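Engineer: Before anything else, here's the structure in question.
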Amino acid sequence: MRVALTILLPPLLALAADVPYPEGYRNWRHVKSMVIEKGHPLYEPFGGIHHIYANAKAVAGYRTGKWADGAVIVFDLLEAVRDGNAVVEGPRKVVGVMHRDAKRYQDTGGWGFEGFKGDSKTERVVGANAATACYGCHAGQKEKSYVFSAMRD
Ligand code: HEC
């Protein structure tokens, strides 16, 4: 019995919370930024200003359309604060992550999805709900390997 349990449990637990925090992503390549304001369909979950970052493997993915295992894309969402006639960055809301591993995350298009709340590197907001919380919407980008954004020159 004990043997059977140790064989079964690790994969289940691994799926629930194994997308690593993207350590050092602020040193990665900036892909693009966007401000989502009230009235936009994505306002509820993603209102604010976000910056997208790609590690080296993900930069290659944006360029070639082929995403190697280990490619990581970060959606860094901050509050957008009106300050006089400017919009400035407020506190961080969430660090969204897409982590490529074609086999491990085959149920969600080969991408592990996770969100880390605010400035926390451990407080996860997605866990086992990636299929409904994230992939459901990204699935519409199937022909682009589930990635919405594009890298400009
Ligand atoms: C309702 C649709 C929707 C949902 C739900 C959604 N996303 Fe996205 N996501 C988008 C759109 C649209 C973009 C492109 C934003 C841009 O171009 O700046 C995006 C971009 C991203 C990116 C940058 C790579 C890319 O595809 O452009 C990451 C990383 C990401 N989302 C993670 C997540 C995570 C993690 C979740 C679940 C917590 C999630 N997303 C849920 C619509 C969605």
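Simple scheme: letters A, B, ... for chains in structure tokens order, numbers from 1 for residues in each chain, numbers from 1 for ligands in the order shown.
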For chain A against ligand 1, with a cut-off of 6 Å and counting only C-alpha atoms and all ligand atoms, what is the closest atom pair and its distance in Å to one decimal for every residue that makes the cut, ordered by chain and number, as a tab-separated table?

Structural biologist:
```
residue	atom	partner	partner_atom_place_in_ligand_line	distance
A:Ser33	CA	ligand 1	18 (O)	5.8
A:Met34	CA	ligand 1	18 (O)	5.2
A:Leu42	CA	ligand 1	1 (C)	5.9
A:Ile52	CA	ligand 1	23 (C)	5.8
A:Ile73	CA	ligand 1	29 (C)	4.8
A:Val74	CA	ligand 1	29 (C)	4.4
A:Phe75	CA	ligand 1	29 (C)	4.5
A:Gly96	CA	ligand 1	35 (C)	4.2
A:Val97	CA	ligand 1	29 (C)	4.3
A:Met98	CA	ligand 1	29 (C)	4.4
A:Phe113	CA	ligand 1	35 (C)	4.4
A:Glu114	CA	ligand 1	35 (C)	4.5
A:Gly115	CA	ligand 1	35 (C)	5.1
A:Val126	CA	ligand 1	38 (C)	5.8
A:Ala133	CA	ligand 1	37 (C)	4.9
A:Cys134	CA	ligand 1	37 (C)	3.4
A:Cys137	CA	ligand 1	2 (C)	4.3
A:His138	CA	ligand 1	43 (C)	5.7
A:Val147	CA	ligand 1	26 (O)	3.4
A:Phe148	CA	ligand 1	27 (O)	3.7
A:Ser149	CA	ligand 1	27 (O)	3.5
```

Engineer: If you run DSSP over the backbone, which residues in stretch 21-151 of chain A end up helix (DSSP H, G or I)? Put them as a PyMOL selection string.

Structural biologist: chain A and resi 25-27+43-46+56-64+106-108+127-144

Engineer: Just to confirm, what's the straight-line distance from atom CA of A:Val87 to atom CA of A:His50 in Å (one decimal)?

Structural biologist: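 Between atom CA of A:Val87 and atom CA of A:His50 the gap is 12.3 Å.
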
Engineer: Show me, as a ChimeraX atom specification, the residues that have an atom within 8 Å of stretch 24-32 of chain A when counting only C-alpha atoms, minus same-chain residues fewer than 6 positions from it.

Structural biologist: /A:51-56,59,74,149-152

Engineer: Which polymer residues have any atom within 10 Å of an atom of A:Tyr135, counting only C-alpha atoms, with same-chain residues fewer than 2 positions away left out, as a count of residues only?

Structural biologist: 17

Engineer: Please measure the separation of atom CA of A:Lys38 and atom CA of A:Gly127, giving the value in Å to one decimal.

Structural biologist: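 Calculated distance between atom CA of A:Lys38 and atom CA of A:Gly127 is 27.3 Å.
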
Engineer: Just asking: which residues within stretch 8-152 of chain A are strand (DSSP E) according to DSSP, as a VMD selection string?

Structural biologist: chain A and resid 29 to 36 48 to 54 72 to 83 86 to 100 111 to 117

Engineer: Rank nothing, just name the residue among A:Tyr21, A:Phe46, A:Tyr105, A:Phe116 nearest to A:Leu77, using only C-alpha atoms.

Structural biologist: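 Smallest separation from A:Leu77 among the options: A:Phe46.
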
Engineer: Between A:Ala128, A:Pro91, A:Gly136, A:Val72, single out the one closest to A:Pro22, counting only C-alpha atoms.

Structural biologist: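 Smallest distance to A:Pro22 is found for A:Val72.
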